[in-house]
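Have a look at data-v4.cif below; it lists mmCIF, C-alpha atoms.
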```
data_my_file
loop_
_atom_site.label_atom_id
_atom_site.label_comp_id
_atom_site.auth_asym_id
_atom_site.auth_seq_id
_atom_site.Cartn_x
_atom_site.Cartn_y
_atom_site.Cartn_z
CA MET A 22 -27.24 1.01 -26.72
CA SER A 23 -25.07 0.17 -23.72
CA HIS A 24 -22.56 -2.60 -24.41
CA LEU A 25 -20.16 -4.06 -21.84
CA MET A 26 -17.06 -5.94 -22.99
CA ILE A 27 -15.04 -7.94 -20.48
CA PHE A 28 -11.54 -8.82 -21.60
CA GLY A 29 -10.81 -12.01 -19.71
CA ALA A 30 -14.26 -13.22 -18.64
CA GLY A 31 -12.98 -15.54 -15.93
CA TYR A 32 -14.03 -15.86 -12.30
CA SER A 33 -14.19 -12.12 -11.55
CA GLY A 34 -15.27 -11.17 -15.05
CA LYS A 35 -18.28 -13.46 -14.95
CA ALA A 36 -19.30 -12.01 -11.57
CA ILE A 37 -19.11 -8.51 -13.05
CA ALA A 38 -21.20 -9.61 -16.03
CA LYS A 39 -23.83 -11.08 -13.71
CA ALA A 40 -24.01 -7.87 -11.68
CA LEU A 41 -24.46 -5.77 -14.82
CA GLN A 42 -26.81 -7.96 -16.86
CA GLY A 43 -29.80 -5.79 -15.98
CA ARG A 44 -27.98 -2.51 -16.68
CA MET A 45 -26.37 -3.32 -20.03
CA ASP A 46 -28.20 -3.97 -23.28
CA ARG A 47 -25.44 -6.36 -24.36
CA VAL A 48 -22.60 -8.10 -22.50
CA SER A 49 -19.64 -9.65 -24.31
CA GLY A 50 -16.55 -11.36 -23.00
CA THR A 51 -13.32 -12.92 -24.19
CA THR A 52 -11.79 -16.27 -23.36
CA ARG A 53 -8.61 -17.98 -24.49
CA SER A 54 -10.21 -21.40 -24.85
CA GLU A 55 -13.10 -22.64 -26.95
CA ASP A 56 -13.91 -24.95 -24.03
CA ASN A 57 -15.29 -21.92 -22.18
CA ILE A 58 -17.60 -20.68 -24.93
CA MET A 59 -20.66 -22.60 -23.78
CA THR A 60 -20.13 -21.52 -20.16
CA LEU A 61 -20.15 -17.87 -21.20
CA GLN A 62 -23.20 -18.35 -23.41
CA CYS A 63 -25.08 -19.95 -20.52
CA GLN A 64 -24.41 -16.79 -18.50
CA ALA A 65 -25.73 -14.51 -21.28
CA ILE A 66 -22.21 -13.38 -22.24
CA ALA A 67 -21.51 -13.24 -25.97
CA PRO A 68 -18.19 -15.13 -26.27
CA PHE A 69 -15.13 -14.20 -28.33
CA ILE A 70 -11.76 -15.89 -28.51
CA PHE A 71 -8.79 -13.69 -27.62
CA ASN A 72 -5.30 -15.14 -27.32
CA GLY A 73 -3.58 -11.91 -26.34
CA GLU A 74 -1.72 -11.72 -29.65
CA THR A 75 -4.27 -10.62 -32.25
CA LEU A 76 -7.76 -9.11 -32.53
CA SER A 77 -9.88 -11.22 -34.87
CA ASP A 78 -12.17 -9.57 -37.40
CA GLU A 79 -15.17 -10.76 -35.36
CA LEU A 80 -13.78 -9.26 -32.16
CA ARG A 81 -12.90 -5.98 -33.87
CA ALA A 82 -16.46 -5.73 -35.18
CA GLU A 83 -17.82 -6.35 -31.68
CA LEU A 84 -15.53 -3.72 -30.16
CA GLY A 85 -16.92 -1.13 -32.54
CA ASN A 86 -20.09 -0.86 -30.44
CA VAL A 87 -18.61 -1.24 -26.95
CA THR A 88 -19.52 1.55 -24.51
CA HIS A 89 -18.12 0.08 -21.28
CA LEU A 90 -14.94 -1.96 -20.90
CA VAL A 91 -13.53 -4.12 -18.11
CA GLN A 92 -9.97 -5.38 -18.60
CA SER A 93 -9.10 -8.27 -16.30
CA ILE A 94 -6.26 -9.92 -18.24
CA ALA A 95 -2.96 -9.78 -16.38
CA PRO A 96 -0.08 -8.00 -18.08
CA GLY A 97 3.14 -9.74 -19.02
CA ALA A 98 6.70 -8.66 -19.60
CA SER A 99 5.58 -6.99 -22.85
CA GLY A 100 2.86 -5.02 -21.07
CA ASP A 101 -0.92 -5.05 -21.34
CA PRO A 102 -2.08 -7.10 -24.34
CA LEU A 103 -5.03 -4.91 -25.32
CA LEU A 104 -3.11 -1.65 -25.09
CA ARG A 105 -0.29 -3.18 -27.10
CA LEU A 106 -2.65 -4.20 -29.90
CA CYS A 107 -4.30 -0.77 -30.13
CA ASN A 108 -1.05 1.16 -29.54
CA GLY A 109 -2.58 2.82 -26.47
CA ASP A 110 -5.38 4.34 -28.56
CA LEU A 111 -8.61 2.87 -27.15
CA LYS A 112 -10.89 4.88 -29.41
CA SER A 113 -9.20 3.43 -32.49
CA VAL A 114 -10.87 0.07 -31.76
CA MET A 115 -13.71 1.23 -29.47
CA PRO A 116 -14.94 4.55 -30.88
CA LYS A 117 -18.09 4.54 -28.68
CA LEU A 118 -16.24 3.82 -25.42
CA GLN A 119 -17.54 5.87 -22.47
CA TRP A 120 -16.01 4.20 -19.37
CA ALA A 121 -13.36 1.63 -18.53
CA ALA A 122 -12.15 -0.37 -15.56
CA TYR A 123 -8.80 -2.07 -15.08
CA LEU A 124 -8.65 -4.93 -12.56
CA SER A 125 -5.40 -4.67 -10.65
CA THR A 126 -4.22 -6.03 -7.30
CA VAL A 127 -3.38 -4.79 -3.82
CA GLY A 128 0.03 -6.35 -4.49
CA VAL A 129 1.06 -3.04 -6.05
CA TYR A 130 1.46 -1.60 -2.54
CA GLY A 131 4.20 -4.09 -1.65
CA ASN A 132 5.15 -4.80 1.95
CA HIS A 133 4.22 -2.46 4.81
CA ASP A 134 4.93 -4.76 7.77
CA GLY A 135 1.25 -5.01 8.65
CA ALA A 136 0.51 -1.27 8.53
CA TRP A 137 -2.65 0.13 6.93
CA VAL A 138 -2.51 1.33 3.31
CA ASP A 139 -5.05 3.20 1.20
CA GLU A 140 -5.29 4.54 -2.34
CA ASN A 141 -2.94 7.42 -1.50
CA THR A 142 -0.16 5.08 -0.35
CA PRO A 143 2.72 5.09 -2.86
CA CYS A 144 3.19 1.84 -4.76
CA ARG A 145 6.38 -0.04 -3.99
CA PRO A 146 5.85 -3.50 -5.51
CA VAL A 147 8.06 -6.38 -4.43
CA SER A 148 7.40 -9.07 -7.03
CA ALA A 149 7.88 -8.87 -10.80
CA ARG A 150 4.16 -9.52 -11.38
CA SER A 151 3.21 -6.58 -9.12
CA THR A 152 5.72 -4.35 -10.88
CA GLU A 153 4.05 -5.26 -14.18
CA ARG A 154 0.70 -4.33 -12.63
CA VAL A 155 1.96 -0.87 -11.65
CA GLU A 156 3.24 -0.33 -15.18
CA ALA A 157 -0.10 -1.49 -16.59
CA GLU A 158 -2.02 0.86 -14.29
CA GLU A 159 0.10 3.76 -15.54
CA ALA A 160 -0.39 2.73 -19.18
CA TRP A 161 -4.16 2.44 -18.73
CA THR A 162 -4.30 5.84 -17.04
CA ALA A 163 -2.51 7.38 -20.02
CA ALA A 164 -4.76 5.58 -22.51
CA ALA A 165 -7.95 6.67 -20.71
CA ASP A 166 -6.72 10.27 -20.60
CA LYS A 167 -6.05 10.13 -24.34
CA ALA A 168 -9.53 8.69 -24.95
CA GLY A 169 -11.15 11.28 -22.68
CA ILE A 170 -13.01 8.70 -20.57
CA PRO A 171 -13.17 7.92 -16.84
CA LEU A 172 -11.04 4.96 -15.75
CA CYS A 173 -11.51 2.97 -12.56
CA ILE A 174 -8.49 1.03 -11.35
CA LEU A 175 -9.83 -1.66 -9.03
CA ARG A 176 -7.17 -2.99 -6.70
CA LEU A 177 -8.44 -6.39 -5.61
CA SER A 178 -7.36 -8.47 -2.62
CA GLY A 179 -7.51 -12.28 -2.44
CA ILE A 180 -10.59 -13.34 -4.42
CA TYR A 181 -12.87 -16.12 -3.22
CA GLY A 182 -16.51 -17.13 -3.38
CA PRO A 183 -18.68 -19.96 -4.68
CA GLY A 184 -16.47 -22.80 -5.90
CA ARG A 185 -13.25 -21.16 -4.69
CA ASN A 186 -12.95 -21.08 -0.93
CA GLY A 187 -11.63 -22.78 2.19
CA PHE A 188 -14.43 -25.37 2.22
CA VAL A 189 -13.41 -26.63 -1.21
CA ASN A 190 -9.77 -26.82 -0.14
CA LEU A 191 -10.66 -28.69 3.04
CA GLU A 192 -12.82 -31.16 1.10
CA LYS A 193 -10.00 -31.76 -1.39
CA GLY A 194 -7.43 -32.11 1.39
CA THR A 195 -5.34 -29.23 0.02
CA ALA A 196 -6.00 -26.71 2.81
CA ARG A 197 -2.97 -25.65 4.85
CA ARG A 198 -2.60 -23.62 8.01
CA LEU A 199 0.63 -21.73 7.45
CA VAL A 200 1.64 -19.56 10.36
CA LYS A 201 3.92 -16.55 9.98
CA LYS A 202 4.17 -14.17 12.92
CA ASP A 203 1.87 -11.14 12.56
CA GLN A 204 0.99 -12.00 8.92
CA VAL A 205 -2.42 -10.85 7.69
CA PHE A 206 -4.21 -10.79 4.34
CA ASN A 207 -7.30 -9.04 3.03
CA ARG A 208 -9.88 -10.92 0.99
CA ILE A 209 -12.83 -10.08 -1.24
CA ARG A 210 -15.95 -12.02 -2.18
CA VAL A 211 -16.25 -12.18 -5.94
CA GLU A 212 -19.86 -10.92 -5.82
CA ASP A 213 -18.66 -7.72 -4.14
CA ILE A 214 -16.32 -7.13 -7.08
CA GLY A 215 -19.33 -7.28 -9.39
CA ALA A 216 -21.40 -5.02 -7.13
CA ALA A 217 -18.59 -2.45 -6.82
CA THR A 218 -18.21 -2.32 -10.59
CA ASP A 219 -21.96 -1.80 -10.98
CA PHE A 220 -21.83 0.97 -8.36
CA LEU A 221 -18.97 2.79 -10.11
CA ILE A 222 -20.53 2.50 -13.58
CA ASP A 223 -23.84 3.81 -12.27
CA ARG A 224 -22.06 6.95 -11.08
CA GLN A 225 -19.67 7.16 -14.06
CA LEU A 226 -16.79 7.48 -11.59
CA GLY A 227 -13.09 7.27 -12.23
CA GLY A 228 -10.11 6.82 -9.92
CA ILE A 229 -8.30 4.18 -7.91
CA PHE A 230 -10.35 2.03 -5.54
CA ASN A 231 -9.40 -0.73 -3.14
CA VAL A 232 -12.02 -3.45 -3.50
CA THR A 233 -11.42 -5.46 -0.37
CA ASP A 234 -13.06 -6.59 2.85
CA ASP A 235 -13.07 -4.77 6.18
CA GLU A 236 -10.99 -7.25 8.13
CA PRO A 237 -7.45 -8.30 7.24
CA ALA A 238 -6.84 -11.54 9.13
CA PRO A 239 -4.24 -14.29 9.63
CA PRO A 240 -4.74 -16.96 6.95
CA GLN A 241 -4.66 -19.83 9.44
CA ASP A 242 -7.67 -18.35 11.26
CA VAL A 243 -9.74 -18.43 8.07
CA VAL A 244 -8.98 -22.11 7.51
CA ALA A 245 -9.83 -22.94 11.13
CA PHE A 246 -13.14 -21.09 10.89
CA ALA A 247 -14.12 -22.96 7.72
CA ALA A 248 -13.17 -26.28 9.30
CA ASP A 249 -15.30 -25.49 12.34
CA LEU A 250 -18.33 -24.82 10.12
CA MET A 251 -17.74 -28.16 8.41
CA ASP A 252 -17.43 -29.86 11.81
CA MET A 253 -14.03 -31.27 10.97
CA GLU A 254 -10.57 -31.01 12.43
CA PRO A 255 -8.49 -28.29 10.79
CA PRO A 256 -5.09 -29.25 9.39
CA GLU A 257 -2.16 -28.92 11.74
CA GLU A 258 -0.44 -25.56 11.83
CA GLN A 259 2.79 -25.34 9.86
CA ALA A 260 5.56 -22.83 10.37
CA PHE A 261 5.92 -20.70 7.26
CA GLU A 262 9.69 -20.69 7.52
CA THR A 263 10.00 -24.48 7.13
CA ALA A 264 6.98 -25.20 4.90
CA GLU A 265 7.47 -26.43 1.34
CA LEU A 266 6.03 -23.74 -0.92
CA SER A 267 6.30 -22.71 -4.54
CA PRO A 268 8.27 -19.50 -5.14
CA MET A 269 5.02 -17.68 -6.02
CA ALA A 270 3.23 -18.90 -2.88
CA ARG A 271 6.18 -17.89 -0.72
CA SER A 272 6.32 -14.46 -2.34
CA PHE A 273 2.76 -13.69 -1.21
CA TYR A 274 3.92 -13.95 2.38
CA GLY A 275 6.64 -11.38 1.72
CA GLU A 276 3.93 -8.72 1.55
CA ASN A 277 2.17 -7.91 4.81
CA LYS A 278 -0.31 -5.03 4.96
CA ARG A 279 -3.82 -4.05 5.97
CA VAL A 280 -5.73 -2.59 3.04
CA SER A 281 -8.42 0.03 3.67
CA ASN A 282 -11.66 0.15 1.69
CA HIS A 283 -12.85 3.42 3.26
CA LYS A 284 -12.77 5.35 -0.03
CA LEU A 285 -15.45 3.15 -1.59
CA GLN A 286 -17.52 3.09 1.59
CA GLU A 287 -17.40 6.87 1.92
CA LEU A 288 -18.94 7.11 -1.55
CA GLY A 289 -21.86 5.05 -0.29
CA PHE A 290 -20.94 1.54 -1.42
CA ILE A 291 -21.97 -1.20 1.01
CA PHE A 292 -20.06 -4.47 0.95
CA SER A 293 -22.37 -7.48 1.19
CA TYR A 294 -19.56 -9.62 2.63
CA PRO A 295 -17.45 -7.32 4.82
CA ASN A 296 -15.54 -10.08 6.64
CA TYR A 297 -14.62 -13.71 6.12
CA ARG A 298 -16.75 -15.04 8.98
CA GLN A 299 -20.00 -13.57 7.68
CA SER A 300 -19.11 -14.59 4.13
CA LEU A 301 -18.14 -18.20 4.88
CA GLN A 302 -21.18 -18.61 7.11
CA GLN A 303 -23.41 -17.53 4.23
CA LEU A 304 -21.69 -19.84 1.73
CA TRP A 305 -22.09 -22.76 4.12
CA ASN A 306 -25.66 -22.04 5.19
CA ASP A 307 -26.89 -21.53 1.64
CA GLY A 308 -24.99 -24.54 0.26
CA LEU A 309 -23.31 -22.42 -2.39
CA TRP A 310 -19.71 -23.20 -1.53
CA ARG A 311 -19.25 -25.88 -4.20
CA ASP A 312 -20.97 -23.95 -7.01
CA GLU A 313 -18.84 -21.82 -9.29
#
```

Would you give me this structure, written as structure tokens?
Amino acid sequence: MSHLMIFGAGYSGKAIAKALQGRMDRVSGTTRSEDNIMTLQCQAIAPFIFNGETLSDELRAELGNVTHLVQSIAPGASGDPLLRLCNGDLKSVMPKLQWAAYLSTVGVYGNHDGAWVDENTPCRPVSARSTERVEAEEAWTAAADKAGIPLCILRLSGIYGPGRNGFVNLEKGTARRLVKKDQVFNRIRVEDIGAATDFLIDRQLGGIFNVTDDEPAPPQDVVAFAADLMDMEPPEEQAFETAELSPMARSFYGENKRVSNHKLQELGFIFSYPNYRQSLQQLWNDGLWRDE
């Protein structure tokens, strides 16, 4: 029996579960809060509480039958929580495990002054959180090798989709048009993360894959496009250098690169939402932009 476990069944995890519902006999997921249990149940995900510190008896029993694993919980200063709890020995808690995916970030590449990067580009992370991601990728690679299973490291760009997008920000009045010369970002629709995971599981592939759109673009252009679809005036442009930003928000602008998704496409994967214009148009036309 095929059994998918998603550690950290949040926004991306739930999209992966939805994409794989027809392929897996059972789908389970963890959450930190009991408030999320009913949400997971409504999406046919068997819920388990995981606080990152201990594996409950119920969760250990569930892991005993897991064949496919997706880990989407961010690491901390003490490393990856799941690997820490199983001492890097995945088969000790998941003896039937056949395949695993680790959700990482394109932040591991660091800053490349707007140049293109791909999966062969050496990692040179800038922020502490991206450094922790690189260390977690390395730890997961070692754990998968020890377990003798394929591991997919999915490096994700800025995630958006139903309920989390420029339309929502414009409606709330929180959208900003920050302008930094030559700055671009990649993005990825959350449904394409689910579809890519399904594609890779179907082929039992391993390796590093950039899961990102085709078109890195200035962030202010994305906000303006969404505002145009809503038939409203976009917020005034603000110079990045003088804008009030949190340290984390400002750090994102310290990394400027164009991320290639050619590796996935060359394998035959087709992105349903290859650029922000097509994607936002679909969200708006179908009225899905508020629904998470």

Please determine, counting only C-alpha atoms, which residue among A:Leu266, A:Gly34, A:Asn207, A:Lys202 has the shortest atom-to-atom distance to Val243 in chain A.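 Among the listed residues, the smallest separation from Val243 in chain A belongs to A:Asn207.
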
Nearest residue to Arg150 in chain A out of A:Lys201, A:Asn86, A:Ser99, A:Gly29, using all atoms listed in the file?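 Using all atoms listed in the file, the shortest distance to Arg150 in chain A belongs to A:Ser99.
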
Could you pull the residues within 10 Å of range 132-143 of chain A, counting only C-alpha atoms, minus those fewer than 3 positions along the same chain, as a compact mmCIF listing (two decimals) with C-alpha atoms, in the coordinates of the input?
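File selection_12.txt, as written:
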```txt
# COMPACT_ATOMS: atom_id res chain seq x y z
CA VAL A 127 -3.38 -4.79 -3.82
CA GLY A 128 0.03 -6.35 -4.49
CA VAL A 129 1.06 -3.04 -6.05
CA PRO A 146 5.85 -3.50 -5.51
CA VAL A 147 8.06 -6.38 -4.43
CA ARG A 176 -7.17 -2.99 -6.70
CA ASP A 203 1.87 -11.14 12.56
CA GLN A 204 0.99 -12.00 8.92
CA VAL A 205 -2.42 -10.85 7.69
CA PHE A 206 -4.21 -10.79 4.34
CA GLY A 228 -10.11 6.82 -9.92
CA ILE A 229 -8.30 4.18 -7.91
CA PHE A 230 -10.35 2.03 -5.54
CA ASN A 231 -9.40 -0.73 -3.14
CA PRO A 237 -7.45 -8.30 7.24
CA PHE A 273 2.76 -13.69 -1.21
CA TYR A 274 3.92 -13.95 2.38
CA GLY A 275 6.64 -11.38 1.72
CA GLU A 276 3.93 -8.72 1.55
CA ASN A 277 2.17 -7.91 4.81
CA LYS A 278 -0.31 -5.03 4.96
CA ARG A 279 -3.82 -4.05 5.97
CA VAL A 280 -5.73 -2.59 3.04
CA SER A 281 -8.42 0.03 3.67
CA ASN A 282 -11.66 0.15 1.69
CA HIS A 283 -12.85 3.42 3.26
CA LYS A 284 -12.77 5.35 -0.03
```

Neighbouring residues of Thr263 in chain A were defined as those with any atom within 12 Å, considering all atoms listed in the file; residues of the same chain fewer than 3 positions away were excluded. Please report them as a PDB file with C-alpha atoms, in the frame of the given file.
```
ATOM      1  CA  LEU A 199       0.630 -21.730   7.450  1.00  0.00           C
ATOM      2  CA  VAL A 200       1.640 -19.560  10.360  1.00  0.00           C
ATOM      3  CA  LYS A 201       3.920 -16.550   9.980  1.00  0.00           C
ATOM      4  CA  GLU A 258      -0.440 -25.560  11.830  1.00  0.00           C
ATOM      5  CA  GLN A 259       2.790 -25.340   9.860  1.00  0.00           C
ATOM      6  CA  ALA A 260       5.560 -22.830  10.370  1.00  0.00           C
ATOM      7  CA  LEU A 266       6.030 -23.740  -0.920  1.00  0.00           C
ATOM      8  CA  ARG A 271       6.180 -17.890  -0.720  1.00  0.00           C
TER       9      ARG A 271
END
```

Expressed in Å to a single decimal, how great is the separation between CA of Phe292 in chain A and CA of Ile27 in chain A?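 Atom-to-atom, CA of Phe292 in chain A and CA of Ile27 in chain A are spaced 22.3 Å apart.
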
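Counting from CA of Gly109 in chain A, the distance to CA of Thr52 in chain A is 21.4 Å.
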
Reference answer for the PyMOL selection byres ((chain A and resi 97) around 10), as a list in words: Ile94, Ala95, Pro96, Ala98, Ser99, Gly100, Asp101, Pro102, Ala149, Arg150, Glu153, Arg154 and Ala157 of chain A

Keeping only C-alpha atoms, write those residues as a PDB file, in the coordinates of the input.
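Output (selection.pdb):
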```
ATOM      1  CA  ILE A  94      -6.260  -9.920 -18.240  1.00  0.00           C
ATOM      2  CA  ALA A  95      -2.960  -9.780 -16.380  1.00  0.00           C
ATOM      3  CA  PRO A  96      -0.080  -8.000 -18.080  1.00  0.00           C
ATOM      4  CA  ALA A  98       6.700  -8.660 -19.600  1.00  0.00           C
ATOM      5  CA  SER A  99       5.580  -6.990 -22.850  1.00  0.00           C
ATOM      6  CA  GLY A 100       2.860  -5.020 -21.070  1.00  0.00           C
ATOM      7  CA  ASP A 101      -0.920  -5.050 -21.340  1.00  0.00           C
ATOM      8  CA  PRO A 102      -2.080  -7.100 -24.340  1.00  0.00           C
ATOM      9  CA  ALA A 149       7.880  -8.870 -10.800  1.00  0.00           C
ATOM     10  CA  ARG A 150       4.160  -9.520 -11.380  1.00  0.00           C
ATOM     11  CA  GLU A 153       4.050  -5.260 -14.180  1.00  0.00           C
ATOM     12  CA  ARG A 154       0.700  -4.330 -12.630  1.00  0.00           C
ATOM     13  CA  ALA A 157      -0.100  -1.490 -16.590  1.00  0.00           C
TER      14      ALA A 157
END
```

What do you get, as a VMD selection string, if you spell out every residue that the PyMOL selection byres ((chain A and resi 57) around 12) selects here? chain A and resid 29 to 32 35 50 to 56 58 to 64 66 to 71

Can I get the selected residues back with C-alpha atoms, as a compact mmCIF listing (two decimals), in the frame of the given file?
```txt
# COMPACT_ATOMS: atom_id res chain seq x y z
CA GLY A 29 -10.81 -12.01 -19.71
CA ALA A 30 -14.26 -13.22 -18.64
CA GLY A 31 -12.98 -15.54 -15.93
CA TYR A 32 -14.03 -15.86 -12.30
CA LYS A 35 -18.28 -13.46 -14.95
CA GLY A 50 -16.55 -11.36 -23.00
CA THR A 51 -13.32 -12.92 -24.19
CA THR A 52 -11.79 -16.27 -23.36
CA ARG A 53 -8.61 -17.98 -24.49
CA SER A 54 -10.21 -21.40 -24.85
CA GLU A 55 -13.10 -22.64 -26.95
CA ASP A 56 -13.91 -24.95 -24.03
CA ILE A 58 -17.60 -20.68 -24.93
CA MET A 59 -20.66 -22.60 -23.78
CA THR A 60 -20.13 -21.52 -20.16
CA LEU A 61 -20.15 -17.87 -21.20
CA GLN A 62 -23.20 -18.35 -23.41
CA CYS A 63 -25.08 -19.95 -20.52
CA GLN A 64 -24.41 -16.79 -18.50
CA ILE A 66 -22.21 -13.38 -22.24
CA ALA A 67 -21.51 -13.24 -25.97
CA PRO A 68 -18.19 -15.13 -26.27
CA PHE A 69 -15.13 -14.20 -28.33
CA ILE A 70 -11.76 -15.89 -28.51
CA PHE A 71 -8.79 -13.69 -27.62
```

Explicit residues for the PyMOL selection byres ((chain A and resi 26) around 7) (as a PyMOL selection string): chain A and resi 24-25+27-28+48-50+87+89-91

What does the distance from CA of Ala270 in chain A to CA of Pro256 in chain A come to in Å, to one decimal? 18.1 Å

Residue with smallest distance to Glu212 in chain A - pool A:Met45, A:Ile180, A:Ala160, A:Ala264, counting all atoms listed in the file: A:Ile180

Atom completion result for range 71-82 of chain A (N, CA, C and O atoms) as an mmCIF file, in the frame of the given file:
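Result written to rebuild-v2.cif:
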```
data_model
loop_
_atom_site.group_PDB
_atom_site.id
_atom_site.type_symbol
_atom_site.label_atom_id
_atom_site.label_comp_id
_atom_site.auth_asym_id
_atom_site.auth_seq_id
_atom_site.Cartn_x
_atom_site.Cartn_y
_atom_site.Cartn_z
ATOM 1 N N PHE A 71 -9.883 -14.659 -27.597
ATOM 2 C CA PHE A 71 -8.790 -13.690 -27.620
ATOM 3 C C PHE A 71 -7.575 -14.345 -26.995
ATOM 4 O O PHE A 71 -7.590 -14.728 -25.831
ATOM 5 N N ASN A 72 -6.521 -14.463 -27.789
ATOM 6 C CA ASN A 72 -5.300 -15.140 -27.320
ATOM 7 C C ASN A 72 -4.236 -14.189 -26.815
ATOM 8 O O ASN A 72 -3.139 -14.606 -26.441
ATOM 9 N N GLY A 73 -4.550 -12.896 -26.809
ATOM 10 C CA GLY A 73 -3.580 -11.910 -26.340
ATOM 11 C C GLY A 73 -2.605 -11.443 -27.394
ATOM 12 O O GLY A 73 -1.800 -10.537 -27.146
ATOM 13 N N GLU A 74 -2.688 -12.044 -28.595
ATOM 14 C CA GLU A 74 -1.720 -11.720 -29.650
ATOM 15 C C GLU A 74 -2.354 -10.960 -30.809
ATOM 16 O O GLU A 74 -1.700 -10.114 -31.437
ATOM 17 N N THR A 75 -3.610 -11.269 -31.126
ATOM 18 C CA THR A 75 -4.270 -10.620 -32.250
ATOM 19 C C THR A 75 -5.738 -10.357 -31.924
ATOM 20 O O THR A 75 -6.323 -11.043 -31.078
ATOM 21 N N LEU A 76 -6.319 -9.381 -32.603
ATOM 22 C CA LEU A 76 -7.760 -9.110 -32.530
ATOM 23 C C LEU A 76 -8.384 -9.640 -33.816
ATOM 24 O O LEU A 76 -8.089 -9.137 -34.908
ATOM 25 N N SER A 77 -9.238 -10.652 -33.690
ATOM 26 C CA SER A 77 -9.880 -11.220 -34.870
ATOM 27 C C SER A 77 -10.828 -10.199 -35.490
ATOM 28 O O SER A 77 -11.230 -9.217 -34.848
ATOM 29 N N ASP A 78 -11.217 -10.453 -36.731
ATOM 30 C CA ASP A 78 -12.170 -9.570 -37.400
ATOM 31 C C ASP A 78 -13.489 -9.520 -36.632
ATOM 32 O O ASP A 78 -14.114 -8.461 -36.508
ATOM 33 N N GLU A 79 -13.914 -10.692 -36.108
ATOM 34 C CA GLU A 79 -15.170 -10.760 -35.360
ATOM 35 C C GLU A 79 -15.083 -9.935 -34.082
ATOM 36 O O GLU A 79 -16.026 -9.215 -33.731
ATOM 37 N N LEU A 80 -13.950 -10.021 -33.400
ATOM 38 C CA LEU A 80 -13.780 -9.260 -32.160
ATOM 39 C C LEU A 80 -13.686 -7.765 -32.445
ATOM 40 O O LEU A 80 -14.270 -6.944 -31.725
ATOM 41 N N ARG A 81 -12.988 -7.409 -33.501
ATOM 42 C CA ARG A 81 -12.900 -5.980 -33.870
ATOM 43 C C ARG A 81 -14.289 -5.410 -34.166
ATOM 44 O O ARG A 81 -14.610 -4.291 -33.770
ATOM 45 N N ALA A 82 -15.104 -6.189 -34.868
ATOM 46 C CA ALA A 82 -16.460 -5.730 -35.180
ATOM 47 C C ALA A 82 -17.272 -5.532 -33.909
ATOM 48 O O ALA A 82 -18.031 -4.561 -33.781
#
```
